[in-house]
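Data block below; observations after.
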Amino acid sequence: VHTTGVSGDMALQIFADAGVGLADAPTSVTLSDQGSQRLSIPVNAREIGDHLITVTLTTQDGNELRKVLTMPVRDNDVEISLTRQFALGVGETFTFDANVFAGLRLGTASATLTAGPLARFDVPGLLRQLDRYPYGCTEQVTSGAMPLLYLSSMAQAAGVGEPAQLNDKISKSIERILTRQASNGAFGMWRAESGEFWLDAYVTDFLSRARREGHAVPDLAFAQAMDNLRNRISYAPDFDEGGEDIAYALLVMAREGAASMGDLRYYADTKMNNFGSPLAAAQLGAALASYGDQVRADTMFRRAGVLLLRDRDNRKGWRSDFGTNLRDTAGVLKLTAEAGSTAIDAATLVSWVGNGNNNLSTQEATQVVLAAHALASPDAVPGLQVDGKPVNGPVVKRLEDANPTPSVIENVSDIAMDVTMTAYGVPEVAPAAGGYGYAINRTLYTMDGVPAQAPFKSGDRMVVVIEVQPFENVGARLIIDDPLPAGFEIDNPNLLRSGEVGALDWLKTKEAENAEFRSDRFIAAVNHRDVNPFRLAYIVRAVTPGSYHHPAATVTDMYRAEFRANTDIGTVTVTP
């Protein structure tokens with residue numbers, strides 16, 4: 001824009017970082033007096049990162065006018081994790097280097113390695129997974145913060161943060177959780193409300209642990225949480241199978257010295273065979289152990305072992321305690337180790353837990369990490385060398401694809417050592433549409449109710465309809481994640497309801513537990529308990545002209561992570 005001085009021809013230079021490519025730009029522009037010129041210069045994304053574009057205009061009198069622009073390049077495709085486990089023999093070496101990133105896109109990949117005692121539990125990998133979990137219900141926030149109370153050094157080695165950052169993560173988690181506490185002391189999944197008794201016990205357990213570790217928890221909020229557990233126990237109905245929430249609440253109260261010994265003995269003596277999960281039986285056992293009744297405690301631990309065997313091949317659907325067989329196994333292992341009980345063979349449970357799962361729920365990951373912490377021995381014997389230097393205890397290394405400095409791990413002990421590596425990143429080849437347990441489809445419609453066809457004009461509004469089809473009648477807490485192409489933005493931060501757009505009067509939509517309309521994606525949490533398909537819909541607008549990658553939409557069972565599905569990736573074009 002010309003505002004003052006001499007008008008006419010002016011030299012123009014435009015430079016960009018290597019991460020973005022620019023089409024040919026003119027080397028000069030001609031500005032008339034008080035006139036302006038608009039230049040359209042295509043930009044091509046090459047590398048992930050924040051890249052600089054520098055524009056310099058030299059006026060007729062020799063002044064240089066410079067503007068530096070930032071062009072962020074992101075990859076919104078779904079990140080995957082790949083876990084590999086092996087034994088490092090006596091005298092053998094292993095080089096941890098960039099080969100671990102094979103098949104992952106440059107700029108998205110990182111990896112963790114742990115070797116030595118309890119390496120099969122992959123603690124650094126799970127801590128990283130919990131830290132980067134992209135959603136944020138109360139259970140997930142609690143699960144992400146719980147291990148940081150005890151494993152700050154391991155979290156630091158895994159790249160989760162420095163000690164001050166970890167303390168800040170814990171404090172912010174406490175603050176976020178307390179925003180969802182209702183007036184009666186209960187906690188809601190996404191907002192302040194009451195309903196999930198097991199969730200109340202889980203959050204109160206975390207707050208209790210945080211207080212014991214020296215973190216600030218408001219006295220009134222904690223007192224209300226404890227009062228809520230007391231009231232729920234006092235009015236708990238009788239049960240023939242279940243009681244998971246009661247057992248957990250009794251454990252939390254026992255650790256705070258607030259449980260009635262009569263209640264603990266009543267449930268152990270009369271309800272031992274009625275508890276619906278191994279973890280519930282073990283939690284009651286741990287509560288009894290904390291009060292010194294080791295005989296009854298071991299009886300409950302043995303009952304937990306029986307239930308673990310019963311449930312090994314039983315994939316339950318909806319569970320009010322957010323659990324799975326793996327979560328229960330890790331939780332039982334942790335509780336028996338903390339209680340010092342030998343009622344269950346720990347080696348068997350370790351073999352069941354440490355089997356190199358790639359995708360764990362937040363519940364599973366947290367309990368596996370806490371089990372590893374409970375089993376860790378402070379008297380570790382040196383057995384490994386890293387780059388020629390001896391290391392006590394487990395080896396933890398982290399590798400980033402931006403700076404893949406290799407490390408050489410050598411086993412100098414007289415026994416084989418476990419090694420677990422987990423690599424994270426976006427795959428170079430996107431998976432085809434498909435899934436396990438579910439199918440998901442994404443369709444764009446015009447506001448007139450007909451399927452939208454590319455190219456789209458800048459300013460066009462469209463309705464995105466997502467349909468999810470369960471394959472089994474099991475029920476689940478689901479997350480639907482639909483990343484936006486860079487040329488689109490969400491137009492109206494509300495889910496469309498049935499009949500709100502006249503041309504789409506056929507559209508019957510599902511009520512979501514929670515919906516988030518972020519700048520780069522749409523996310524919804526849905527509780528669905530039958531085999532019927534359901535739909536969600538929201539409105540987007542085409543904004544910036546260009547051709548863009550459209551990442552796949554996904555649906556995931558939050559607590560059985562192997563149940564998931566994705567659409568195909570695509571491309572969208574926006575014209576001026």
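FYI, nothing fancy with the structure tokens labels: chains A, B, ... in order, residues from 1 per chain, ligands from 1 as they appear.
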
Hey, which bits of segment 410-523 of chain A sit within 12 Å of segment 309-316 of chain A, and for each residue what's the closest pair of atoms and how far apart in Å (one decimal), counting only C-alpha atoms, rows by chain and increasing number, as a tab-separated table?
residue	atom	partner	partner_atom	distance
A:Glu472	CA	A:Lys316	CA	11.4
A:Asn473	CA	A:Lys316	CA	10.9
A:Val474	CA	A:Lys316	CA	7.6
A:Gly475	CA	A:Lys316	CA	9.4
A:Ala476	CA	A:Lys316	CA	10.1

Would you save the residues from that selection as a short mmCIF file (atom, residue, chain, number, x, y, z; two decimals), in the first residue's frame, using N, CA, C and O atoms?
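Wrote it out as part-v7.cif, contents follow:
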data_model
loop_
_atom_site.label_atom_id
_atom_site.label_comp_id
_atom_site.auth_asym_id
_atom_site.auth_seq_id
_atom_site.Cartn_x
_atom_site.Cartn_y
_atom_site.Cartn_z
N GLU A 472 -20.68 -54.74 17.66
CA GLU A 472 -21.12 -55.60 18.76
C GLU A 472 -22.00 -54.79 19.71
O GLU A 472 -21.83 -53.58 19.84
N ASN A 473 -22.88 -55.48 20.38
CA ASN A 473 -23.79 -54.84 21.33
C ASN A 473 -23.15 -54.86 22.73
O ASN A 473 -23.60 -55.56 23.62
N VAL A 474 -22.06 -54.08 22.89
CA VAL A 474 -21.31 -54.14 24.15
C VAL A 474 -21.36 -52.82 24.92
O VAL A 474 -21.27 -52.82 26.14
N GLY A 475 -21.46 -51.70 24.24
CA GLY A 475 -21.48 -50.41 24.92
C GLY A 475 -20.09 -49.90 25.23
O GLY A 475 -19.19 -50.68 25.55
N ALA A 476 -19.92 -48.59 25.12
CA ALA A 476 -18.59 -48.02 25.34
C ALA A 476 -18.68 -46.52 25.52
O ALA A 476 -19.65 -45.88 25.10
#

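Neighbours of segment 523-530 of chain A closer than or equal to 7 Å, with only C-alpha atoms counted and sequence neighbours fewer than 2 positions away skipped, come out as Asn473, Val474, Gly475, Ala476, Arg477, Leu478, Ile479, Ile480, Asp481, Asp482, Ala512, Glu513, Asn514, Ala515, Glu516, Phe517, Arg521 and Asn532 of chain A.
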
Nearest to Leu69 of chain A, restricted to only C-alpha atoms and choosing among A:Met558, A:Val55, A:Phe322, A:Ser81, comes out as A:Val55

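Residues in contact range of Arg46 of chain A, defined as at most 10 Å between only C-alpha atoms, with sequence neighbours fewer than 6 positions away removed, read Asp17, Ala18, Gly19, Val20, Gly21 and Val73 of chain A.
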